[in-house]
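Q: Have a peek at coords-v6.cif (mmCIF, C-alpha atoms).
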data_structure
loop_
_atom_site.label_atom_id
_atom_site.label_comp_id
_atom_site.auth_asym_id
_atom_site.auth_seq_id
_atom_site.Cartn_x
_atom_site.Cartn_y
_atom_site.Cartn_z
CA ILE A 1 4.24 -17.44 -10.36
CA ASN A 2 1.90 -18.41 -13.17
CA PRO A 3 3.36 -21.20 -15.35
CA GLU A 4 3.90 -19.01 -18.43
CA ALA A 5 5.90 -16.45 -16.44
CA TRP A 6 7.84 -19.28 -14.80
CA MET A 7 8.85 -20.73 -18.17
CA TRP A 8 9.80 -17.29 -19.54
CA TYR A 9 11.95 -16.56 -16.50
CA GLN A 10 13.68 -19.92 -16.74
CA ARG A 11 14.37 -19.48 -20.45
CA VAL A 12 15.24 -15.77 -20.68
CA ILE A 13 16.74 -15.00 -17.26
CA GLY A 14 18.01 -18.39 -16.12
CA HIS A 15 19.08 -19.59 -19.60
CA GLU A 16 17.52 -22.98 -18.71
CA ARG A 17 20.29 -23.75 -16.22
CA CYS A 18 19.41 -21.78 -13.07
CA PRO A 19 16.90 -23.13 -10.52
CA ILE A 20 13.70 -21.11 -10.16
CA VAL A 21 12.77 -20.55 -6.51
CA ASP A 22 9.04 -19.82 -6.45
CA THR A 23 8.04 -19.08 -2.86
CA TRP A 24 4.82 -18.71 -0.88
CA TRP A 25 4.69 -16.70 2.33
CA GLN A 26 2.89 -13.79 3.98
CA THR A 27 3.95 -10.77 5.99
CA GLU A 28 2.23 -12.41 8.96
CA THR A 29 4.25 -15.62 8.64
CA GLY A 30 7.52 -13.72 9.14
CA GLY A 31 9.31 -15.79 6.54
CA ILE A 32 9.04 -18.14 3.56
CA MET A 33 6.83 -21.16 4.24
CA VAL A 34 6.57 -23.11 0.98
CA SER A 35 9.53 -23.16 -1.35
CA PRO A 36 11.80 -25.46 -3.34
CA LEU A 37 15.34 -25.94 -2.06
CA PRO A 38 17.62 -24.87 -4.98
CA GLY A 39 19.37 -27.82 -6.51
CA VAL A 40 17.50 -30.28 -4.26
CA THR A 41 13.77 -30.01 -4.96
CA ALA A 42 12.47 -30.98 -8.38
CA THR A 43 10.40 -28.02 -9.54
CA LYS A 44 7.14 -27.71 -11.46
CA PRO A 45 6.19 -24.52 -13.35
CA GLY A 46 3.54 -22.72 -11.31
CA SER A 47 4.00 -24.63 -8.04
CA ALA A 48 5.77 -23.38 -4.91
CA THR A 49 6.49 -27.10 -4.38
CA GLN A 50 6.57 -28.18 -0.70
CA PRO A 51 6.77 -26.68 2.82
CA LEU A 52 10.22 -26.00 4.20
CA PRO A 53 11.46 -28.37 6.94
CA GLY A 54 9.53 -27.85 10.17
CA ILE A 55 6.60 -26.10 8.47
CA TYR A 56 3.24 -27.90 8.43
CA VAL A 57 0.88 -26.80 5.67
CA ASP A 58 -2.26 -28.48 4.36
CA VAL A 59 -5.21 -27.96 2.02
CA VAL A 60 -8.49 -28.57 3.84
CA ASP A 61 -12.25 -28.23 3.42
CA ASP A 62 -14.48 -25.96 5.52
CA LYS A 63 -14.46 -28.49 8.37
CA GLY A 64 -10.68 -28.79 8.50
CA HIS A 65 -10.40 -32.17 6.77
CA SER A 66 -7.59 -32.69 4.28
CA VAL A 67 -8.86 -32.77 0.71
CA ALA A 68 -7.92 -35.44 -1.81
CA PRO A 69 -4.99 -34.81 -4.17
CA GLY A 70 -6.10 -32.62 -7.06
CA SER A 71 -9.07 -31.21 -5.16
CA GLY A 72 -9.19 -27.55 -4.22
CA GLY A 73 -9.56 -26.20 -0.70
CA LYS A 74 -8.32 -23.69 1.83
CA LEU A 75 -4.63 -23.30 2.58
CA VAL A 76 -3.88 -23.60 6.30
CA ILE A 77 -0.85 -23.89 8.55
CA THR A 78 -1.61 -26.65 11.05
CA LYS A 79 1.12 -26.11 13.66
CA PRO A 80 2.80 -23.02 15.17
CA TRP A 81 6.16 -21.92 13.76
CA PRO A 82 8.92 -19.69 15.23
CA SER A 83 8.29 -16.53 13.18
CA GLN A 84 4.50 -16.43 13.28
CA LEU A 85 2.49 -13.32 14.07
CA ARG A 86 1.65 -13.37 17.80
CA THR A 87 -1.07 -10.74 18.09
CA ILE A 88 -2.34 -7.42 16.77
CA TRP A 89 -1.22 -4.52 18.92
CA GLY A 90 -4.04 -3.48 21.19
CA ASP A 91 -6.56 -5.84 19.58
CA PRO A 92 -5.88 -9.52 20.41
CA GLU A 93 -9.50 -10.46 19.67
CA ARG A 94 -9.20 -9.20 16.09
CA TYR A 95 -6.04 -11.29 15.74
CA ARG A 96 -7.92 -14.41 16.87
CA LYS A 97 -10.92 -13.77 14.62
CA THR A 98 -8.84 -12.96 11.54
CA TYR A 99 -6.44 -15.89 11.64
CA PHE A 100 -7.74 -18.59 14.00
CA SER A 101 -11.55 -18.66 13.78
CA GLU A 102 -12.13 -19.94 10.24
CA ILE A 103 -10.84 -23.54 10.35
CA ALA A 104 -10.88 -25.78 13.43
CA GLY A 105 -8.18 -28.42 13.83
CA PRO A 106 -8.67 -31.89 15.38
CA GLY A 107 -8.86 -30.33 18.87
CA GLY A 108 -11.54 -27.80 17.90
CA PHE A 109 -11.37 -24.02 17.90
CA GLU A 110 -10.52 -23.72 21.59
CA ARG A 111 -7.65 -26.19 21.71
CA GLU A 112 -6.21 -26.44 18.20
CA PRO A 113 -7.43 -23.99 15.56
CA TYR A 114 -5.59 -23.88 12.26
CA TYR A 115 -4.00 -20.68 10.97
CA PHE A 116 -6.12 -19.75 7.95
CA THR A 117 -4.06 -18.01 5.27
CA GLY A 118 -7.00 -16.66 3.27
CA ASP A 119 -5.66 -18.41 0.16
CA GLY A 120 -7.10 -21.22 -1.90
CA ALA A 121 -4.86 -24.03 -3.12
CA HIS A 122 -4.68 -27.62 -4.22
CA LYS A 123 -2.10 -30.33 -3.63
CA ASP A 124 -1.17 -32.76 -6.39
CA LYS A 125 -0.40 -36.47 -6.15
CA ASP A 126 3.29 -35.71 -5.44
CA GLY A 127 2.42 -33.49 -2.47
CA TYR A 128 3.24 -30.27 -4.34
CA PHE A 129 1.24 -27.18 -3.43
CA TRP A 130 -0.40 -25.00 -6.07
CA ILE A 131 -1.52 -21.64 -4.68
CA MET A 132 -4.63 -20.41 -6.51
CA GLY A 133 -4.97 -16.96 -4.94
CA ARG A 134 -7.17 -15.31 -2.35
CA ILE A 135 -10.37 -17.11 -1.39
CA ASP A 136 -12.23 -13.80 -1.63
CA ASP A 137 -10.98 -13.28 -5.20
CA VAL A 138 -13.86 -15.36 -6.54
CA ILE A 139 -16.49 -14.17 -9.02
CA ASN A 140 -20.01 -15.59 -8.78
CA VAL A 141 -21.24 -15.66 -12.38
CA ALA A 142 -24.84 -16.84 -12.78
CA GLY A 143 -24.46 -19.11 -9.76
CA HIS A 144 -21.04 -20.46 -10.74
CA ARG A 145 -17.97 -19.59 -8.64
CA LEU A 146 -14.92 -18.78 -10.77
CA GLY A 147 -11.47 -18.00 -9.40
CA THR A 148 -9.99 -14.82 -10.85
CA MET A 149 -6.49 -16.32 -10.76
CA GLU A 150 -7.58 -19.20 -13.00
CA ILE A 151 -8.94 -16.79 -15.62
CA GLU A 152 -5.83 -14.61 -15.35
CA SER A 153 -3.59 -17.64 -15.91
CA ALA A 154 -5.62 -18.56 -19.00
CA LEU A 155 -5.23 -15.05 -20.41
CA VAL A 156 -1.48 -14.94 -19.72
CA SER A 157 -1.03 -18.34 -21.38
CA ASN A 158 -1.74 -16.54 -24.66
CA PRO A 159 1.72 -15.81 -26.14
CA LYS A 160 0.68 -12.24 -27.02
CA VAL A 161 -0.20 -11.28 -23.42
CA ALA A 162 2.32 -9.89 -20.94
CA GLU A 163 0.05 -9.46 -17.93
CA ALA A 164 -3.60 -9.66 -16.92
CA ALA A 165 -5.90 -8.92 -13.99
CA VAL A 166 -9.51 -10.05 -13.65
CA VAL A 167 -12.22 -8.53 -11.46
CA GLY A 168 -15.98 -8.73 -11.17
CA ARG A 169 -18.39 -5.98 -12.14
CA PRO A 170 -22.17 -5.64 -11.62
CA ASP A 171 -24.26 -7.32 -14.31
CA ASP A 172 -28.06 -7.04 -14.53
CA LEU A 173 -28.47 -10.51 -16.02
CA LYS A 174 -25.77 -12.64 -14.38
CA GLY A 175 -25.33 -10.73 -11.14
CA THR A 176 -21.60 -10.40 -11.72
CA GLY A 177 -19.77 -10.06 -15.00
CA ILE A 178 -16.11 -10.73 -15.76
CA CYS A 179 -13.92 -7.75 -16.63
CA ALA A 180 -10.31 -8.35 -17.65
CA PHE A 181 -7.53 -5.77 -17.82
CA VAL A 182 -4.85 -6.98 -20.22
CA THR A 183 -1.39 -5.67 -21.05
CA PRO A 184 -0.25 -6.99 -24.45
CA LYS A 185 3.41 -7.61 -25.16
CA LYS A 186 5.00 -4.62 -26.88
CA GLU A 187 5.32 -6.33 -30.24
CA PHE A 188 1.60 -7.18 -30.22
CA LYS A 189 0.25 -3.84 -29.06
CA GLY A 190 -2.65 -2.92 -31.34
CA LYS A 191 -2.59 -6.38 -32.94
CA LEU A 192 -4.46 -8.29 -30.24
CA THR A 193 -8.26 -8.41 -30.32
CA THR A 194 -10.79 -8.98 -27.55
CA ASP A 195 -12.50 -11.72 -29.58
CA GLU A 196 -9.21 -13.59 -29.88
CA LEU A 197 -8.64 -13.45 -26.12
CA LYS A 198 -12.21 -14.44 -25.25
CA ALA A 199 -11.93 -17.47 -27.53
CA HIS A 200 -8.62 -18.37 -25.92
CA VAL A 201 -10.16 -18.33 -22.42
CA VAL A 202 -13.06 -20.51 -23.60
CA LYS A 203 -10.56 -22.99 -25.04
CA GLU A 204 -8.47 -23.07 -21.84
CA ILE A 205 -11.25 -23.13 -19.22
CA GLY A 206 -14.72 -23.14 -20.76
CA ALA A 207 -17.53 -20.87 -21.91
CA LEU A 208 -18.51 -19.88 -18.35
CA ALA A 209 -15.17 -18.12 -17.90
CA ARG A 210 -15.46 -16.00 -21.08
CA PRO A 211 -14.80 -12.36 -20.08
CA ASP A 212 -17.71 -10.01 -20.68
CA GLU A 213 -15.30 -7.13 -21.25
CA ILE A 214 -11.59 -6.87 -21.96
CA ARG A 215 -9.77 -3.58 -21.55
CA PHE A 216 -6.26 -3.17 -22.95
CA THR A 217 -3.84 -1.12 -20.86
CA ASP A 218 -0.14 -0.33 -21.00
CA ALA A 219 0.26 -1.18 -17.30
CA LEU A 220 -1.69 -2.31 -14.24
CA PRO A 221 -1.89 -0.39 -10.95
CA LYS A 222 0.57 -1.99 -8.54
CA THR A 223 1.99 -1.36 -5.11
CA ARG A 224 5.71 -0.76 -4.73
CA SER A 225 6.10 -4.43 -3.83
CA GLY A 226 4.52 -5.46 -7.15
CA LYS A 227 1.02 -6.49 -6.03
CA ILE A 228 -1.84 -5.57 -8.36
CA MET A 229 -4.35 -3.30 -6.62
CA ARG A 230 -7.54 -5.09 -7.67
CA ARG A 231 -9.60 -2.87 -5.40
CA LEU A 232 -8.95 0.03 -7.77
CA LEU A 233 -9.68 -2.11 -10.82
CA ARG A 234 -13.03 -3.18 -9.34
CA ASP A 235 -14.01 0.46 -8.93
CA ILE A 236 -13.05 1.23 -12.52
CA ALA A 237 -14.83 -1.86 -13.91
CA ALA A 238 -18.01 -0.90 -12.05
CA GLY A 239 -17.85 2.63 -13.44
CA ASN A 240 -17.26 4.14 -10.01
CA LYS A 241 -14.74 6.76 -9.05
CA THR A 242 -11.64 5.12 -7.58
CA MET A 243 -11.80 5.61 -3.84
CA GLY A 244 -9.58 4.84 -0.86
CA ASP A 245 -5.88 5.06 -0.17
CA THR A 246 -3.64 5.19 -3.23
CA THR A 247 -0.42 6.20 -1.47
CA THR A 248 1.08 2.73 -1.95
CA LEU A 249 0.74 2.92 -5.74
CA GLU A 250 4.07 2.65 -7.51
CA ASP A 251 2.98 4.79 -10.47
CA LEU A 252 -0.02 7.12 -10.14
CA SER A 253 0.00 7.79 -13.88
CA VAL A 254 -1.27 4.24 -14.44
CA LEU A 255 -4.40 5.06 -12.47
CA SER A 256 -4.84 8.30 -14.42
CA SER A 257 -4.70 6.48 -17.76
CA LEU A 258 -7.25 3.92 -16.57
CA ARG A 259 -9.54 6.72 -15.42
CA ASP A 260 -9.20 8.38 -18.84
CA TYR A 261 -10.11 5.07 -20.49
CA GLN A 262 -13.12 4.86 -18.16
CA ASP A 263 -14.24 8.40 -19.02
CA GLU A 264 -13.88 7.71 -22.75
CA GLY A 265 -15.77 4.44 -22.42
#
Could you quickly redo this structure as structure tokens?
A:
Amino acid sequence: INPEAWMWYQRVIGHERCPIVDTWWQTETGGIMVSPLPGVTATKPGSATQPLPGIYVDVVDDKGHSVAPGSGGKLVITKPWPSQLRTIWGDPERYRKTYFSEIAGPGGFEREPYYFTGDGAHKDKDGYFWIMGRIDDVINVAGHRLGTMEIESALVSNPKVAEAAVVGRPDDLKGTGICAFVTPKKEFKGKLTTDELKAHVVKEIGALARPDEIRFTDALPKTRSGKIMRRLLRDIAAGNKTMGDTTTLEDLSVLSSLRDYQDEG
């Protein structure tokens, strides 16, 4: 959960007395892996805190070495756990390549590969994990790699913004430009400007992260489980027709309104 949403939930829903349980896990892990224990673990807004007992998680570099506190890296699970995915039906080689061929453990790929989650993260000095989003959700802007989640968090830290999603789009000069889809809070609809948001991102992160384009929308395309379908947003930002499976969309009208915006633009 981004820190701003965490604080809002604690204040509005929990009335500043209920513990917030921010968890990290995947379908493939079969259960929650990193999570505070309610009433036991001291929490930090934006962090899933620490692995549950018996779960071994680390942040490593490309060679599988643990990174220093505060440094970013790849999130891995270093030891097997009871509920882990065992194989892919009918395609065990794909299973191995997808999850166990990216990061080698101390015993090498053959003896002790790490389970690569596909997520980037960093661990602070207290051993708390901060999940930064998918490794492949990175935009290369003029030779600089920027995480979309970092830019999204900067946008949402503006008190007038309810939600944001950032994707890359083709740019003749920089290679890739930054396109942000922003949902303002109801009371600020029509009162929030793109210049104001761009300046806010520059203040929070720096000039390199300034969005090239900001599109305001009433809602973002999400699956029924609440995940933003960035694949569709990338198509729209690039000016392409949205392709692929949309059956998991919670609300198809959201996609229609974004297409209309695209046609008008």
Q: Decode the PyMOL selection byres ((chain A and resi 68) around 10) for the given file into explicit residues and return them as a PyMOL selection string.
A: chain A and resi 59-61+65-67+69-73+122-125
Q: Just the residues within 10 Å of region 145-147 of chain A, please, counting only C-alpha atoms, with nothing from its chain fewer than 3 positions along; format it as a list of chain:residue names.
A: A:Gly120, A:Met132, A:Gly133, A:Arg134, A:Ile135, A:Asp136, A:Asp137, A:Val138, A:Ile139, A:Asn140, A:Val141, A:Ala142, A:Glu150, A:Ile151, A:Glu152, A:Val166, A:Val167, A:Ile178, A:Leu208, A:Ala209
Q: Could you list, as a PDB file with C-alpha atoms, in the frame of the given file, every residue within 8 Å of region 179-194 of chain A, counting all atoms listed in the file and ignoring same-chain residues fewer than 4 positions away?
A:
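Output saved as result_23.pdb:
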ATOM      1  CA  LYS A 160       0.680 -12.240 -27.020  1.00  0.00           C
ATOM      2  CA  VAL A 161      -0.200 -11.280 -23.420  1.00  0.00           C
ATOM      3  CA  ALA A 162       2.320  -9.890 -20.940  1.00  0.00           C
ATOM      4  CA  GLU A 163       0.050  -9.460 -17.930  1.00  0.00           C
ATOM      5  CA  ALA A 164      -3.600  -9.660 -16.920  1.00  0.00           C
ATOM      6  CA  ALA A 165      -5.900  -8.920 -13.990  1.00  0.00           C
ATOM      7  CA  VAL A 166      -9.510 -10.050 -13.650  1.00  0.00           C
ATOM      8  CA  VAL A 167     -12.220  -8.530 -11.460  1.00  0.00           C
ATOM      9  CA  GLY A 168     -15.980  -8.730 -11.170  1.00  0.00           C
ATOM     10  CA  ARG A 169     -18.390  -5.980 -12.140  1.00  0.00           C
ATOM     11  CA  LYS A 198     -12.210 -14.440 -25.250  1.00  0.00           C
ATOM     12  CA  PRO A 211     -14.800 -12.360 -20.080  1.00  0.00           C
ATOM     13  CA  ASP A 212     -17.710 -10.010 -20.680  1.00  0.00           C
ATOM     14  CA  GLU A 213     -15.300  -7.130 -21.250  1.00  0.00           C
ATOM     15  CA  ILE A 214     -11.590  -6.870 -21.960  1.00  0.00           C
ATOM     16  CA  ARG A 215      -9.770  -3.580 -21.550  1.00  0.00           C
ATOM     17  CA  PHE A 216      -6.260  -3.170 -22.950  1.00  0.00           C
ATOM     18  CA  THR A 217      -3.840  -1.120 -20.860  1.00  0.00           C
ATOM     19  CA  ASP A 218      -0.140  -0.330 -21.000  1.00  0.00           C
ATOM     20  CA  ALA A 219       0.260  -1.180 -17.300  1.00  0.00           C
ATOM     21  CA  LEU A 220      -1.690  -2.310 -14.240  1.00  0.00           C
ATOM     22  CA  ALA A 237     -14.830  -1.860 -13.910  1.00  0.00           C
TER      23      ALA A 237
END
Q: Please provide the set of residues having any atom within 9 Å of Val201 (chain A), restricted to only C-alpha atoms, with same-chain residues fewer than 2 positions apart removed, written as a PDB file with C-alpha atoms, in the coordinates of the input.
A:
ATOM      1  CA  ILE A 151      -8.940 -16.790 -15.620  1.00  0.00           C
ATOM      2  CA  ALA A 154      -5.620 -18.560 -19.000  1.00  0.00           C
ATOM      3  CA  LEU A 155      -5.230 -15.050 -20.410  1.00  0.00           C
ATOM      4  CA  ASN A 158      -1.740 -16.540 -24.660  1.00  0.00           C
ATOM      5  CA  GLU A 196      -9.210 -13.590 -29.880  1.00  0.00           C
ATOM      6  CA  LEU A 197      -8.640 -13.450 -26.120  1.00  0.00           C
ATOM      7  CA  LYS A 198     -12.210 -14.440 -25.250  1.00  0.00           C
ATOM      8  CA  ALA A 199     -11.930 -17.470 -27.530  1.00  0.00           C
ATOM      9  CA  LYS A 203     -10.560 -22.990 -25.040  1.00  0.00           C
ATOM     10  CA  GLU A 204      -8.470 -23.070 -21.840  1.00  0.00           C
ATOM     11  CA  ILE A 205     -11.250 -23.130 -19.220  1.00  0.00           C
ATOM     12  CA  GLY A 206     -14.720 -23.140 -20.760  1.00  0.00           C
ATOM     13  CA  ALA A 207     -17.530 -20.870 -21.910  1.00  0.00           C
ATOM     14  CA  ALA A 209     -15.170 -18.120 -17.900  1.00  0.00           C
ATOM     15  CA  ARG A 210     -15.460 -16.000 -21.080  1.00  0.00           C
ATOM     16  CA  PRO A 211     -14.800 -12.360 -20.080  1.00  0.00           C
TER      17      PRO A 211
END
Q: One decimal, in Å: what's the spacing between CA of Asp91 (chain A) and CA of Glu28 (chain A)?
A: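 One can read the CA of Asp91 (chain A) to CA of Glu28 (chain A) distance as 15.3 Å.
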Q: Which residues come within 7 Å of Thr49 (chain A), counting all atoms listed in the file, excluding same-chain residues fewer than 4 positions away, as a list in words?
A: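 Counting all atoms listed in the file, the residues come to Val34, Ser35, Pro36, Thr43, Tyr128 and Phe129 of chain A.
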Q: I'd like to know which of A:Ile103, A:Ile55, A:Ile228, A:Ile88 is closest to Lys74 (chain A), using only C-alpha atoms.
A: A:Ile103
Q: For this structure, which residues satisfy the selection - the PyMOL selection byres ((chain A and resi 98) around 12) - when it is evaluated on the file as given? I want them as a PyMOL selection string.
A: chain A and resi 28+85+87-88+91-97+99-103+113-118
Q: Could you state the separation of CA of Met7 (chain A) and CA of Leu75 (chain A) in Å, given to one decimal place?
A: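 Answer for the CA of Met7 (chain A) to CA of Leu75 (chain A) separation: 24.9 Å.
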Q: Report the distance between CA of Leu258 (chain A) and CA of Leu233 (chain A) in Å, rounded to one decimal place.
A: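 One can read the CA of Leu258 (chain A) to CA of Leu233 (chain A) distance as 8.7 Å.
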Q: Determine the residue set returned by the PyMOL selection byres ((chain A and resi 10) around 12) for the present structure, and present it as an mmCIF file with C-alpha atoms, in the frame of the given file.
A:
data_model
loop_
_atom_site.group_PDB
_atom_site.id
_atom_site.type_symbol
_atom_site.label_atom_id
_atom_site.label_comp_id
_atom_site.auth_asym_id
_atom_site.auth_seq_id
_atom_site.Cartn_x
_atom_site.Cartn_y
_atom_site.Cartn_z
ATOM 1 C CA ILE A 1 4.240 -17.440 -10.360
ATOM 2 C CA PRO A 3 3.360 -21.200 -15.350
ATOM 3 C CA GLU A 4 3.900 -19.010 -18.430
ATOM 4 C CA ALA A 5 5.900 -16.450 -16.440
ATOM 5 C CA TRP A 6 7.840 -19.280 -14.800
ATOM 6 C CA MET A 7 8.850 -20.730 -18.170
ATOM 7 C CA TRP A 8 9.800 -17.290 -19.540
ATOM 8 C CA TYR A 9 11.950 -16.560 -16.500
ATOM 9 C CA ARG A 11 14.370 -19.480 -20.450
ATOM 10 C CA VAL A 12 15.240 -15.770 -20.680
ATOM 11 C CA ILE A 13 16.740 -15.000 -17.260
ATOM 12 C CA GLY A 14 18.010 -18.390 -16.120
ATOM 13 C CA HIS A 15 19.080 -19.590 -19.600
ATOM 14 C CA GLU A 16 17.520 -22.980 -18.710
ATOM 15 C CA ARG A 17 20.290 -23.750 -16.220
ATOM 16 C CA CYS A 18 19.410 -21.780 -13.070
ATOM 17 C CA PRO A 19 16.900 -23.130 -10.520
ATOM 18 C CA ILE A 20 13.700 -21.110 -10.160
ATOM 19 C CA VAL A 21 12.770 -20.550 -6.510
ATOM 20 C CA ASP A 22 9.040 -19.820 -6.450
ATOM 21 C CA THR A 43 10.400 -28.020 -9.540
ATOM 22 C CA LYS A 44 7.140 -27.710 -11.460
ATOM 23 C CA PRO A 45 6.190 -24.520 -13.350
ATOM 24 C CA GLY A 46 3.540 -22.720 -11.310
#
Q: Which is closest to Gly127 (chain A) among A:Thr223, A:Asn2, A:Gln50, A:Thr27, if we use only C-alpha atoms?
A: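 So, comparing all the options, the nearest one is A:Gln50.
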Q: If I only have part of region 192-200 of chain A, can you fill in all heavy atoms and write it as a short mmCIF file (atom, residue, chain, number, x, y, z; two decimals), in the frame of the given file?
A:
data_model
loop_
_atom_site.label_atom_id
_atom_site.label_comp_id
_atom_site.auth_asym_id
_atom_site.auth_seq_id
_atom_site.Cartn_x
_atom_site.Cartn_y
_atom_site.Cartn_z
N LEU A 192 -3.74 -7.28 -31.00
CA LEU A 192 -4.46 -8.29 -30.24
C LEU A 192 -5.92 -7.86 -30.10
O LEU A 192 -6.20 -6.70 -29.76
CB LEU A 192 -3.82 -8.45 -28.85
CG LEU A 192 -4.35 -9.54 -27.93
CD1 LEU A 192 -4.19 -10.90 -28.57
CD2 LEU A 192 -3.59 -9.50 -26.60
N THR A 193 -6.85 -8.76 -30.37
CA THR A 193 -8.26 -8.41 -30.32
C THR A 193 -8.94 -9.05 -29.11
O THR A 193 -8.50 -10.09 -28.60
CB THR A 193 -8.99 -8.86 -31.59
OG1 THR A 193 -9.01 -10.31 -31.64
CG2 THR A 193 -8.30 -8.32 -32.83
N THR A 194 -10.03 -8.43 -28.68
CA THR A 194 -10.79 -8.98 -27.55
C THR A 194 -11.42 -10.32 -27.92
O THR A 194 -11.47 -11.23 -27.09
CB THR A 194 -11.88 -8.00 -27.10
OG1 THR A 194 -12.75 -7.72 -28.20
CG2 THR A 194 -11.26 -6.69 -26.61
N ASP A 195 -11.89 -10.46 -29.15
CA ASP A 195 -12.50 -11.72 -29.58
C ASP A 195 -11.49 -12.86 -29.52
O ASP A 195 -11.83 -13.99 -29.13
CB ASP A 195 -13.05 -11.59 -31.00
CG ASP A 195 -14.31 -10.73 -31.06
OD1 ASP A 195 -14.93 -10.53 -30.00
OD2 ASP A 195 -14.66 -10.26 -32.16
N GLU A 196 -10.26 -12.56 -29.91
CA GLU A 196 -9.21 -13.59 -29.88
C GLU A 196 -8.95 -14.05 -28.45
O GLU A 196 -8.83 -15.26 -28.19
CB GLU A 196 -7.93 -13.01 -30.49
CG GLU A 196 -6.75 -13.97 -30.49
CD GLU A 196 -5.48 -13.34 -31.03
OE1 GLU A 196 -5.56 -12.21 -31.56
OE2 GLU A 196 -4.41 -13.98 -30.93
N LEU A 197 -8.91 -13.10 -27.52
CA LEU A 197 -8.64 -13.45 -26.12
C LEU A 197 -9.82 -14.19 -25.49
O LEU A 197 -9.63 -15.14 -24.72
CB LEU A 197 -8.32 -12.20 -25.32
CG LEU A 197 -6.90 -11.66 -25.45
CD1 LEU A 197 -6.72 -10.43 -24.57
CD2 LEU A 197 -5.87 -12.72 -25.08
N LYS A 198 -11.03 -13.75 -25.80
CA LYS A 198 -12.21 -14.44 -25.25
C LYS A 198 -12.25 -15.89 -25.72
O LYS A 198 -12.55 -16.80 -24.94
CB LYS A 198 -13.49 -13.70 -25.67
CG LYS A 198 -13.68 -12.37 -24.96
CD LYS A 198 -14.95 -11.67 -25.44
CE LYS A 198 -15.14 -10.33 -24.73
NZ LYS A 198 -16.37 -9.63 -25.17
N ALA A 199 -11.95 -16.11 -26.99
CA ALA A 199 -11.93 -17.47 -27.53
C ALA A 199 -10.84 -18.31 -26.87
O ALA A 199 -11.02 -19.50 -26.62
CB ALA A 199 -11.72 -17.42 -29.05
N HIS A 200 -9.72 -17.66 -26.56
CA HIS A 200 -8.62 -18.37 -25.92
C HIS A 200 -9.02 -18.83 -24.52
O HIS A 200 -8.70 -19.96 -24.11
CB HIS A 200 -7.40 -17.45 -25.85
CG HIS A 200 -6.19 -18.10 -25.25
ND1 HIS A 200 -5.41 -19.00 -25.94
CD2 HIS A 200 -5.65 -18.00 -24.00
CE1 HIS A 200 -4.42 -19.41 -25.16
NE2 HIS A 200 -4.55 -18.82 -23.98
#
